[in-house]
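Q: Please find model-v3.csv (CSV, N, CA and C atoms) on the next line:
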```csv
chain,number,residue,atom,x,y,z
V,1,MET,N,14.0,-0.6,-27.4
V,1,MET,CA,12.7,-0.6,-26.7
V,1,MET,C,11.8,0.5,-27.3
V,2,ASN,N,10.6,0.0,-27.7
V,2,ASN,CA,9.7,0.9,-28.3
V,2,ASN,C,8.7,1.5,-27.3
V,3,SER,N,7.8,2.3,-27.8
V,3,SER,CA,6.9,3.1,-26.9
V,3,SER,C,5.9,2.1,-26.2
V,4,SER,N,5.5,1.1,-26.9
V,4,SER,CA,4.5,0.2,-26.3
V,4,SER,C,5.1,-0.6,-25.1
V,5,GLU,N,6.4,-1.0,-25.2
V,5,GLU,CA,7.0,-1.6,-24.1
V,5,GLU,C,7.2,-0.7,-22.9
V,6,VAL,N,7.5,0.6,-23.1
V,6,VAL,CA,7.6,1.5,-22.1
V,6,VAL,C,6.2,1.7,-21.4
V,7,LEU,N,5.2,1.8,-22.2
V,7,LEU,CA,3.8,1.9,-21.6
V,7,LEU,C,3.4,0.7,-20.8
V,8,ASP,N,3.9,-0.5,-21.3
V,8,ASP,CA,3.6,-1.7,-20.5
V,8,ASP,C,4.3,-1.7,-19.2
V,9,PHE,N,5.6,-1.2,-19.2
V,9,PHE,CA,6.3,-1.1,-17.9
V,9,PHE,C,5.6,-0.1,-17.0
V,10,ALA,N,5.2,1.0,-17.5
V,10,ALA,CA,4.5,2.0,-16.7
V,10,ALA,C,3.2,1.5,-16.1
V,11,ARG,N,2.4,0.8,-17.0
V,11,ARG,CA,1.2,0.2,-16.5
V,11,ARG,C,1.4,-0.8,-15.4
V,12,GLU,N,2.4,-1.7,-15.6
V,12,GLU,CA,2.7,-2.7,-14.6
V,12,GLU,C,3.2,-2.0,-13.3
V,13,ALA,N,3.9,-0.9,-13.4
V,13,ALA,CA,4.4,-0.2,-12.2
V,13,ALA,C,3.3,0.4,-11.5
V,14,ILE,N,2.4,1.0,-12.2
V,14,ILE,CA,1.2,1.7,-11.5
V,14,ILE,C,0.4,0.6,-10.8
V,15,TRP,N,0.1,-0.5,-11.5
V,15,TRP,CA,-0.6,-1.6,-10.9
V,15,TRP,C,0.1,-2.1,-9.6
V,16,LEU,N,1.4,-2.2,-9.7
V,16,LEU,CA,2.2,-2.7,-8.6
V,16,LEU,C,2.1,-1.7,-7.4
V,17,VAL,N,2.1,-0.5,-7.6
V,17,VAL,CA,1.9,0.5,-6.6
V,17,VAL,C,0.6,0.4,-5.9
V,18,LEU,N,-0.5,0.2,-6.7
V,18,LEU,CA,-1.8,0.0,-6.1
V,18,LEU,C,-1.9,-1.3,-5.3
V,19,GLN,N,-1.3,-2.4,-5.8
V,19,GLN,CA,-1.3,-3.6,-5.0
V,19,GLN,C,-0.5,-3.5,-3.7
V,20,MET,N,0.6,-2.8,-3.7
V,20,MET,CA,1.4,-2.7,-2.5
V,20,MET,C,0.8,-1.7,-1.5
V,21,ALA,N,0.2,-0.6,-2.0
V,21,ALA,CA,-0.4,0.4,-1.1
V,21,ALA,C,-1.8,0.1,-0.6
V,22,GLY,N,-2.5,-0.7,-1.4
V,22,GLY,CA,-3.9,-1.0,-1.1
V,22,GLY,C,-4.2,-1.5,0.3
V,23,PRO,N,-3.5,-2.6,0.7
V,23,PRO,CA,-3.8,-3.2,2.0
V,23,PRO,C,-3.5,-2.2,3.1
V,24,ILE,N,-2.4,-1.5,3.0
V,24,ILE,CA,-2.0,-0.5,4.0
V,24,ILE,C,-3.0,0.6,4.1
V,25,MET,N,-3.4,1.1,3.0
V,25,MET,CA,-4.4,2.2,3.0
V,25,MET,C,-5.8,1.7,3.5
V,26,THR,N,-6.1,0.5,3.2
V,26,THR,CA,-7.4,-0.1,3.7
V,26,THR,C,-7.4,-0.2,5.3
V,27,VAL,N,-6.2,-0.6,5.8
V,27,VAL,CA,-6.1,-0.7,7.3
V,27,VAL,C,-6.2,0.7,7.9
V,28,GLY,N,-5.5,1.7,7.3
V,28,GLY,CA,-5.6,3.1,7.8
V,28,GLY,C,-7.0,3.6,7.7
V,29,LEU,N,-7.7,3.3,6.6
V,29,LEU,CA,-9.1,3.8,6.5
V,29,LEU,C,-10.0,3.1,7.5
V,30,ALA,N,-9.9,1.8,7.7
V,30,ALA,CA,-10.7,1.1,8.7
V,30,ALA,C,-10.5,1.6,10.1
V,31,VAL,N,-9.2,1.8,10.5
V,31,VAL,CA,-8.9,2.3,11.8
V,31,VAL,C,-9.5,3.8,12.0
V,32,GLY,N,-9.3,4.6,10.9
V,32,GLY,CA,-9.8,6.0,11.0
V,32,GLY,C,-11.3,6.0,11.2
V,33,VAL,N,-12.0,5.2,10.4
V,33,VAL,CA,-13.5,5.2,10.6
V,33,VAL,C,-13.9,4.7,11.9
V,34,ALA,N,-13.2,3.6,12.4
V,34,ALA,CA,-13.6,3.1,13.8
V,34,ALA,C,-13.3,4.2,14.9
V,35,ILE,N,-12.2,4.9,14.8
V,35,ILE,CA,-11.9,5.9,15.8
V,35,ILE,C,-12.9,7.1,15.6
V,36,ALA,N,-13.3,7.4,14.4
V,36,ALA,CA,-14.3,8.5,14.2
V,36,ALA,C,-15.6,8.1,14.8
V,37,LEU,N,-16.0,6.8,14.6
V,37,LEU,CA,-17.3,6.3,15.1
V,37,LEU,C,-17.2,6.4,16.7
V,38,LEU,N,-16.1,5.9,17.2
V,38,LEU,CA,-15.9,6.0,18.7
V,38,LEU,C,-16.0,7.4,19.2
V,39,GLN,N,-15.4,8.3,18.5
V,39,GLN,CA,-15.4,9.7,18.9
V,39,GLN,C,-16.8,10.3,18.8
V,40,ALA,N,-17.6,9.9,17.8
V,40,ALA,CA,-18.9,10.4,17.6
V,40,ALA,C,-19.8,9.8,18.7
V,41,LEU,N,-19.6,8.6,19.1
V,41,LEU,CA,-20.5,7.9,20.1
V,41,LEU,C,-20.2,8.5,21.5
V,42,THR,N,-18.9,8.8,21.8
V,42,THR,CA,-18.6,9.3,23.1
V,42,THR,C,-18.5,10.8,23.2
V,43,GLN,N,-18.6,11.5,22.1
V,43,GLN,CA,-18.5,12.9,22.0
V,43,GLN,C,-17.2,13.4,22.5
V,44,VAL,N,-16.1,12.6,22.4
V,44,VAL,CA,-14.8,13.1,22.7
V,44,VAL,C,-14.2,13.6,21.4
V,45,GLN,N,-14.0,14.8,21.3
V,45,GLN,CA,-13.4,15.4,20.0
V,45,GLN,C,-12.0,15.8,20.2
V,46,GLU,N,-11.1,14.9,20.5
V,46,GLU,CA,-9.7,15.1,20.6
V,46,GLU,C,-9.1,14.8,19.3
V,47,MET,N,-8.4,15.7,18.7
V,47,MET,CA,-7.8,15.5,17.4
V,47,MET,C,-6.6,14.5,17.4
V,48,THR,N,-5.8,14.5,18.5
V,48,THR,CA,-4.7,13.7,18.6
V,48,THR,C,-5.0,12.2,18.8
V,49,LEU,N,-6.3,12.0,19.2
V,49,LEU,CA,-6.7,10.6,19.5
V,49,LEU,C,-6.7,9.7,18.2
V,50,VAL,N,-6.8,10.4,17.1
V,50,VAL,CA,-6.9,9.6,15.8
V,50,VAL,C,-5.5,9.1,15.4
V,51,PHE,N,-4.5,9.9,15.6
V,51,PHE,CA,-3.2,9.7,15.0
V,51,PHE,C,-2.5,8.5,15.6
V,52,VAL,N,-2.5,8.3,16.9
V,52,VAL,CA,-1.7,7.2,17.5
V,52,VAL,C,-2.2,5.8,17.1
V,53,PRO,N,-3.5,5.6,17.3
V,53,PRO,CA,-4.0,4.2,16.8
V,53,PRO,C,-3.8,4.0,15.3
V,54,LYS,N,-3.9,5.0,14.5
V,54,LYS,CA,-3.8,4.8,13.1
V,54,LYS,C,-2.3,4.6,12.7
V,55,ILE,N,-1.4,5.3,13.4
V,55,ILE,CA,0.0,5.0,13.1
V,55,ILE,C,0.4,3.6,13.6
V,56,VAL,N,0.0,3.2,14.7
V,56,VAL,CA,0.3,1.9,15.2
V,56,VAL,C,-0.3,0.8,14.3
V,57,ALA,N,-1.5,1.0,13.9
V,57,ALA,CA,-2.2,0.0,13.0
V,57,ALA,C,-1.5,-0.1,11.6
V,58,ILE,N,-1.1,1.1,11.1
V,58,ILE,CA,-0.4,1.0,9.8
V,58,ILE,C,1.0,0.4,10.0
V,59,PHE,N,1.7,0.6,11.1
V,59,PHE,CA,3.0,0.0,11.3
V,59,PHE,C,2.8,-1.5,11.4
V,60,ILE,N,1.8,-2.0,12.1
V,60,ILE,CA,1.6,-3.4,12.2
V,60,ILE,C,1.2,-4.0,10.9
V,61,ALA,N,0.4,-3.3,10.1
V,61,ALA,CA,0.0,-3.7,8.8
V,61,ALA,C,1.3,-3.8,7.9
V,62,LEU,N,2.2,-2.9,8.0
V,62,LEU,CA,3.4,-2.9,7.2
V,62,LEU,C,4.2,-4.1,7.6
V,63,LEU,N,4.3,-4.5,8.8
V,63,LEU,CA,5.0,-5.7,9.2
V,63,LEU,C,4.4,-6.9,8.7
V,64,VAL,N,3.0,-7.0,8.7
V,64,VAL,CA,2.3,-8.2,8.3
V,64,VAL,C,2.4,-8.3,6.8
V,65,PHE,N,2.3,-7.2,6.0
V,65,PHE,CA,2.2,-7.3,4.6
V,65,PHE,C,3.6,-7.1,3.9
V,66,MET,N,4.7,-7.0,4.7
V,66,MET,CA,6.0,-6.8,4.1
V,66,MET,C,6.4,-8.0,3.2
V,67,PRO,N,6.2,-9.2,3.6
V,67,PRO,CA,6.6,-10.3,2.7
V,67,PRO,C,5.8,-10.3,1.4
V,68,LEU,N,4.5,-10.0,1.4
V,68,LEU,CA,3.8,-9.9,0.2
V,68,LEU,C,4.3,-8.8,-0.7
V,69,MET,N,4.6,-7.6,-0.1
V,69,MET,CA,5.1,-6.5,-0.8
V,69,MET,C,6.5,-6.8,-1.4
V,70,GLY,N,7.3,-7.5,-0.7
V,70,GLY,CA,8.6,-7.9,-1.2
V,70,GLY,C,8.5,-8.8,-2.3
V,71,ALA,N,7.6,-9.8,-2.2
V,71,ALA,CA,7.4,-10.8,-3.3
V,71,ALA,C,6.9,-10.1,-4.6
V,72,LEU,N,5.9,-9.2,-4.4
V,72,LEU,CA,5.4,-8.4,-5.6
V,72,LEU,C,6.5,-7.6,-6.2
V,73,LEU,N,7.3,-6.9,-5.4
V,73,LEU,CA,8.4,-6.1,-6.0
V,73,LEU,C,9.5,-6.9,-6.6
V,74,GLY,N,9.8,-8.1,-6.0
V,74,GLY,CA,10.8,-9.0,-6.6
V,74,GLY,C,10.3,-9.6,-7.9
V,75,GLY,N,9.1,-10.0,-7.9
V,75,GLY,CA,8.5,-10.5,-9.2
V,75,GLY,C,8.5,-9.5,-10.3
V,76,PHE,N,8.2,-8.2,-10.0
V,76,PHE,CA,8.2,-7.2,-11.0
V,76,PHE,C,9.7,-6.9,-11.5
V,77,MET,N,10.6,-6.9,-10.6
V,77,MET,CA,12.0,-6.7,-11.0
V,77,MET,C,12.5,-7.9,-11.8
V,78,ASN,N,12.1,-9.1,-11.5
V,78,ASN,CA,12.5,-10.3,-12.3
V,78,ASN,C,11.9,-10.2,-13.7
V,79,ARG,N,10.6,-9.7,-13.9
V,79,ARG,CA,10.0,-9.5,-15.2
V,79,ARG,C,10.7,-8.5,-16.0
V,80,ILE,N,11.1,-7.4,-15.3
V,80,ILE,CA,11.8,-6.3,-16.0
V,80,ILE,C,13.2,-6.8,-16.5
V,81,ALA,N,13.9,-7.5,-15.6
V,81,ALA,CA,15.2,-8.0,-15.9
V,81,ALA,C,15.2,-9.0,-17.1
V,82,ASP,N,14.1,-9.9,-17.1
V,82,ASP,CA,14.0,-10.8,-18.2
V,82,ASP,C,13.7,-10.1,-19.5
V,83,ARG,N,12.9,-9.1,-19.5
V,83,ARG,CA,12.7,-8.3,-20.7
V,83,ARG,C,13.9,-7.6,-21.2
V,84,VAL,N,14.7,-7.0,-20.3
V,84,VAL,CA,15.9,-6.4,-20.6
V,84,VAL,C,16.9,-7.3,-21.2
V,85,ILE,N,17.0,-8.5,-20.6
V,85,ILE,CA,18.0,-9.5,-21.1
V,85,ILE,C,17.6,-10.0,-22.5
V,86,SER,N,16.3,-10.2,-22.7
V,86,SER,CA,15.8,-10.7,-24.0
V,86,SER,C,15.9,-9.8,-25.1
V,87,MET,N,16.2,-8.5,-24.9
V,87,MET,CA,16.4,-7.5,-26.0
V,87,MET,C,17.6,-7.7,-26.7
```
Spit out the file's structure as structure tokens when you get a sec.

A:
Amino acid sequence: MNSSEVLDFAREAIWLVLQMAGPIMTVGLAVGVAIALLQALTQVQEMTLVFVPKIVAIFIALLVFMPLMGALLGGFMNRIADRVISM
């Protein structure tokens, strides 16, 4: 295995992390902005009000996106295994 193959593995791994974390982080961002807007409109500045809806939304997003995340990770593992076998 030469350095270019290692860099390809690393590049694919970083892209995979972004693909897997992107939807979850987007849901967390959207819920955080919505709660912040609600707090600004109602002038309720309770710090703990942000955490519970965000945690629930992220948990639900994890449940929804888990098949996609598993497929992405499985495909990555299959590509790595194919490269290792072909060496």

Q: Between V:Val56, V:Val6, V:Val50, V:Ala61, which one has atoms that come closest to V:Gly32, using all atoms listed in the file?

A: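 Closest candidate: V:Val50.
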
Q: Could you tell me how far atom CA of V:Gly28 lies from atom C of V:Pro67, in Å and to one decimal?

A: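 Atom CA of V:Gly28 sits 18.7 Å away from atom C of V:Pro67.
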
Q: Between V:Val27, V:Ala40, V:Ala21, V:Ala13, which residue has the minimum interatomic distance to V:Ile58, considering all atoms listed in the file?

A: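 For V:Ile58, the nearest of the given residues is V:Val27.
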
Q: Which of these, V:Leu16, V:Met1, V:Ile24, V:Leu49, has the shortest distance to V:Met87 once you count all atoms listed in the file?

A: V:Met1

Q: Give me, please, the distance in Å between atom C of V:Met20 and atom CA of V:Ala81, quoted to one decimal.

A: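 Between atom C of V:Met20 and atom CA of V:Ala81 the gap works out to 21.3 Å.
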
Q: May I ask for the distance between atom N of V:Ile14 and atom CA of V:Phe76, given in Å to one decimal place?

A: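 Atom CA of V:Phe76 lies 10.1 Å from atom N of V:Ile14.
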
Q: Show me, as a short mmCIF file (atom, residue, chain, number, x, y, z; two decimals) with N, CA and C atoms, in the frame of the given file, the residues that have an atom within 12 Å of V:Phe59 when counting only C-alpha atoms, minus same-chain residues fewer than 4 positions from it.

A:
```
data_model
loop_
_atom_site.label_atom_id
_atom_site.label_comp_id
_atom_site.auth_asym_id
_atom_site.auth_seq_id
_atom_site.Cartn_x
_atom_site.Cartn_y
_atom_site.Cartn_z
N PRO V 23 -3.50 -2.60 0.70
CA PRO V 23 -3.80 -3.20 2.00
C PRO V 23 -3.50 -2.20 3.10
N ILE V 24 -2.40 -1.50 3.00
CA ILE V 24 -2.00 -0.50 4.00
C ILE V 24 -3.00 0.60 4.10
N MET V 25 -3.40 1.10 3.00
CA MET V 25 -4.40 2.20 3.00
C MET V 25 -5.80 1.70 3.50
N VAL V 27 -6.20 -0.60 5.80
CA VAL V 27 -6.10 -0.70 7.30
C VAL V 27 -6.20 0.70 7.90
N GLY V 28 -5.50 1.70 7.30
CA GLY V 28 -5.60 3.10 7.80
C GLY V 28 -7.00 3.60 7.70
N VAL V 52 -2.50 8.30 16.90
CA VAL V 52 -1.70 7.20 17.50
C VAL V 52 -2.20 5.80 17.10
N PRO V 53 -3.50 5.60 17.30
CA PRO V 53 -4.00 4.20 16.80
C PRO V 53 -3.80 4.00 15.30
N LYS V 54 -3.90 5.00 14.50
CA LYS V 54 -3.80 4.80 13.10
C LYS V 54 -2.30 4.60 12.70
N ILE V 55 -1.40 5.30 13.40
CA ILE V 55 0.00 5.00 13.10
C ILE V 55 0.40 3.60 13.60
N LEU V 63 4.30 -4.50 8.80
CA LEU V 63 5.00 -5.70 9.20
C LEU V 63 4.40 -6.90 8.70
N VAL V 64 3.00 -7.00 8.70
CA VAL V 64 2.30 -8.20 8.30
C VAL V 64 2.40 -8.30 6.80
N PHE V 65 2.30 -7.20 6.00
CA PHE V 65 2.20 -7.30 4.60
C PHE V 65 3.60 -7.10 3.90
N MET V 66 4.70 -7.00 4.70
CA MET V 66 6.00 -6.80 4.10
C MET V 66 6.40 -8.00 3.20
#
```
